[in-house]
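J.: I have a structure here, written as structure tokens, and I will follow up with some questions on it.
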Amino acid sequence: RLALQQVGVGGPQIMMASGNYGYTAGTRGDCNEACGGAGSLCFQAEGSVKSVNWQYVGDGQGCYDRVQTYNFVGDGSGSWERQEVTTSYGWKVKPVCWACVFILILAGVLFDLGLRYSGATTTTSAMTTSVPLFDCSANIHWTGAKKDFCCVNHNIGCTTTPRQPPPPTPPPPPFDCNIGFADWAHAWSAPKKAWCCSHTHKGCAPLP
């Protein structure tokens, strides 16, 4: 513990201070230095304590001079300068880093739920497509709904309108009115003349 005398207007002033002389005290438990500077990203000091150290700055360069005590001698008159050192103690995680951790955990949970939901949907779709509504290969229980389903999806069991039988072929005519028509009056018989006259208007006797 040393005393410094401030020399200047108003007379000397005695100040009692404890600390190091000629160098600046380091920070005890400095996590930022121990972690290569990365500690400041997610950690901060819980509190800090200020103390006064004295640093030698050269003759005539400071505001204080050391006699039996350190006295303030005025700007540019002393060899020592007063310096305040802040010492941090304890470390705690910054709120922004807690938020980042929470976001990462939430993203992982959502991703896992998405994978599970996607797998369940795929399994359900596969089961739905693998079991048909009706078995069209079984020739039993052909209801109207089964007929419609099998006809639309497999072209099986389709109902068609029954085809009508063709009309019977008419019998051939008893006479061919084209044969012997050039000499029908002498070559045709009376039944042929009558039939050809009534059906084809050939071989008709001339009107009197």
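Each chain in the structure tokens gets a letter, A, B and so on, in the order shown; residues start at 1 in every chain, and ligands are counted from 1 in the order they appear.
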Let's see if you can do this: from backbone DSSP, list all alpha helix (DSSP H) residues in segment 52-199 of chain A, as a PyMOL selection string.

T.: chain A and resi 95-130+144-154+184-187+190-199

J.: Please save C-alpha atoms of the selected residues as a PDB file, in the first residue's frame.

T.:
```
ATOM      1  CA  PRO A  95     -28.588 -14.875 -23.696  1.00  0.00           C
ATOM      2  CA  VAL A  96     -28.013 -14.839 -27.456  1.00  0.00           C
ATOM      3  CA  CYS A  97     -26.148 -18.153 -27.197  1.00  0.00           C
ATOM      4  CA  TRP A  98     -28.976 -19.708 -25.169  1.00  0.00           C
ATOM      5  CA  ALA A  99     -31.321 -18.594 -27.958  1.00  0.00           C
ATOM      6  CA  CYS A 100     -29.091 -20.233 -30.606  1.00  0.00           C
ATOM      7  CA  VAL A 101     -29.000 -23.492 -28.633  1.00  0.00           C
ATOM      8  CA  PHE A 102     -32.787 -23.455 -28.273  1.00  0.00           C
ATOM      9  CA  ILE A 103     -33.244 -22.824 -32.011  1.00  0.00           C
ATOM     10  CA  LEU A 104     -30.920 -25.716 -32.888  1.00  0.00           C
ATOM     11  CA  ILE A 105     -32.770 -28.089 -30.544  1.00  0.00           C
ATOM     12  CA  LEU A 106     -36.145 -26.988 -31.920  1.00  0.00           C
ATOM     13  CA  ALA A 107     -34.936 -27.447 -35.513  1.00  0.00           C
ATOM     14  CA  GLY A 108     -33.708 -30.957 -34.688  1.00  0.00           C
ATOM     15  CA  VAL A 109     -37.051 -31.899 -33.111  1.00  0.00           C
ATOM     16  CA  LEU A 110     -39.012 -30.552 -36.084  1.00  0.00           C
ATOM     17  CA  PHE A 111     -36.726 -32.377 -38.514  1.00  0.00           C
ATOM     18  CA  ASP A 112     -37.206 -35.663 -36.637  1.00  0.00           C
ATOM     19  CA  LEU A 113     -40.985 -35.216 -36.601  1.00  0.00           C
ATOM     20  CA  GLY A 114     -40.945 -34.469 -40.329  1.00  0.00           C
ATOM     21  CA  LEU A 115     -39.051 -37.684 -41.060  1.00  0.00           C
ATOM     22  CA  ARG A 116     -41.468 -39.724 -38.957  1.00  0.00           C
ATOM     23  CA  TYR A 117     -44.536 -38.144 -40.598  1.00  0.00           C
ATOM     24  CA  SER A 118     -43.095 -38.679 -44.077  1.00  0.00           C
ATOM     25  CA  GLY A 119     -42.390 -42.349 -43.338  1.00  0.00           C
ATOM     26  CA  ALA A 120     -45.902 -42.904 -41.976  1.00  0.00           C
ATOM     27  CA  THR A 121     -47.470 -41.289 -45.059  1.00  0.00           C
ATOM     28  CA  THR A 122     -45.391 -43.435 -47.420  1.00  0.00           C
ATOM     29  CA  THR A 123     -46.330 -46.619 -45.551  1.00  0.00           C
ATOM     30  CA  THR A 124     -50.026 -45.725 -45.568  1.00  0.00           C
ATOM     31  CA  SER A 125     -49.947 -44.930 -49.299  1.00  0.00           C
ATOM     32  CA  ALA A 126     -48.217 -48.228 -50.083  1.00  0.00           C
ATOM     33  CA  MET A 127     -50.793 -50.178 -48.068  1.00  0.00           C
ATOM     34  CA  THR A 128     -53.659 -48.341 -49.751  1.00  0.00           C
ATOM     35  CA  THR A 129     -52.420 -48.998 -53.283  1.00  0.00           C
ATOM     36  CA  SER A 130     -51.478 -52.629 -52.638  1.00  0.00           C
ATOM     37  CA  GLY A 144     -72.940 -54.024 -59.635  1.00  0.00           C
ATOM     38  CA  ALA A 145     -70.190 -52.075 -57.834  1.00  0.00           C
ATOM     39  CA  LYS A 146     -67.642 -54.838 -58.519  1.00  0.00           C
ATOM     40  CA  LYS A 147     -68.607 -54.952 -62.200  1.00  0.00           C
ATOM     41  CA  ASP A 148     -68.188 -51.198 -62.524  1.00  0.00           C
ATOM     42  CA  PHE A 149     -64.812 -51.220 -60.682  1.00  0.00           C
ATOM     43  CA  CYS A 150     -63.369 -54.148 -62.660  1.00  0.00           C
ATOM     44  CA  CYS A 151     -64.650 -52.802 -65.962  1.00  0.00           C
ATOM     45  CA  VAL A 152     -63.136 -49.329 -65.427  1.00  0.00           C
ATOM     46  CA  ASN A 153     -59.780 -50.466 -63.931  1.00  0.00           C
ATOM     47  CA  HIS A 154     -59.177 -53.872 -65.565  1.00  0.00           C
ATOM     48  CA  TRP A 184     -90.495 -63.749-123.256  1.00  0.00           C
ATOM     49  CA  ALA A 185     -93.722 -64.014-125.263  1.00  0.00           C
ATOM     50  CA  HIS A 186     -92.673 -67.415-126.676  1.00  0.00           C
ATOM     51  CA  ALA A 187     -89.973 -68.589-124.200  1.00  0.00           C
ATOM     52  CA  ALA A 190     -97.628 -68.608-118.265  1.00  0.00           C
ATOM     53  CA  PRO A 191     -96.661 -68.766-114.475  1.00  0.00           C
ATOM     54  CA  LYS A 192     -93.354 -67.011-115.165  1.00  0.00           C
ATOM     55  CA  LYS A 193     -95.101 -64.365-117.199  1.00  0.00           C
ATOM     56  CA  ALA A 194     -97.591 -63.770-114.409  1.00  0.00           C
ATOM     57  CA  TRP A 195     -94.927 -63.686-111.659  1.00  0.00           C
ATOM     58  CA  CYS A 196     -92.514 -61.455-113.580  1.00  0.00           C
ATOM     59  CA  CYS A 197     -95.293 -59.106-114.549  1.00  0.00           C
ATOM     60  CA  SER A 198     -96.487 -58.699-110.947  1.00  0.00           C
ATOM     61  CA  HIS A 199     -92.997 -58.402-109.341  1.00  0.00           C
TER      62      HIS A 199
END
```

J.: Write out as a VMD selection string which residues come within 7 Å of Ala45 of chain A when counting only C-alpha atoms, dropping same-chain ones fewer than 4 positions away.

T.: chain A and resid 88 to 92

J.: What is the distance between atom CA of Glu81 of chain A and atom CA of Trp54 of chain A, in Å to one decimal?

T.: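 Interatomic distance, atom CA of Glu81 of chain A to atom CA of Trp54 of chain A: 6.0 Å.
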
J.: Separation of atom CA of Glu84 of chain A and atom CA of Glu46 of chain A, in Å?

T.: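 Straight-line distance from atom CA of Glu84 of chain A to atom CA of Glu46 of chain A works out to 19.2 Å.
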
J.: Can you pull out every residue within 9 Å of Ser79 of chain A, counting only C-alpha atoms, but drop anything in the same chain fewer than 2 positions away, and send it as JSON, numbers by chain?

T.: {"A": [55, 56, 57, 58, 59, 60, 61, 62, 63, 64, 65, 66, 76, 77, 81]}

J.: What gap, in Å, lies between atom CA of Cys177 of chain A and atom CA of Ser189 of chain A?

T.: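 Distance between the two atoms: 11.4 Å.
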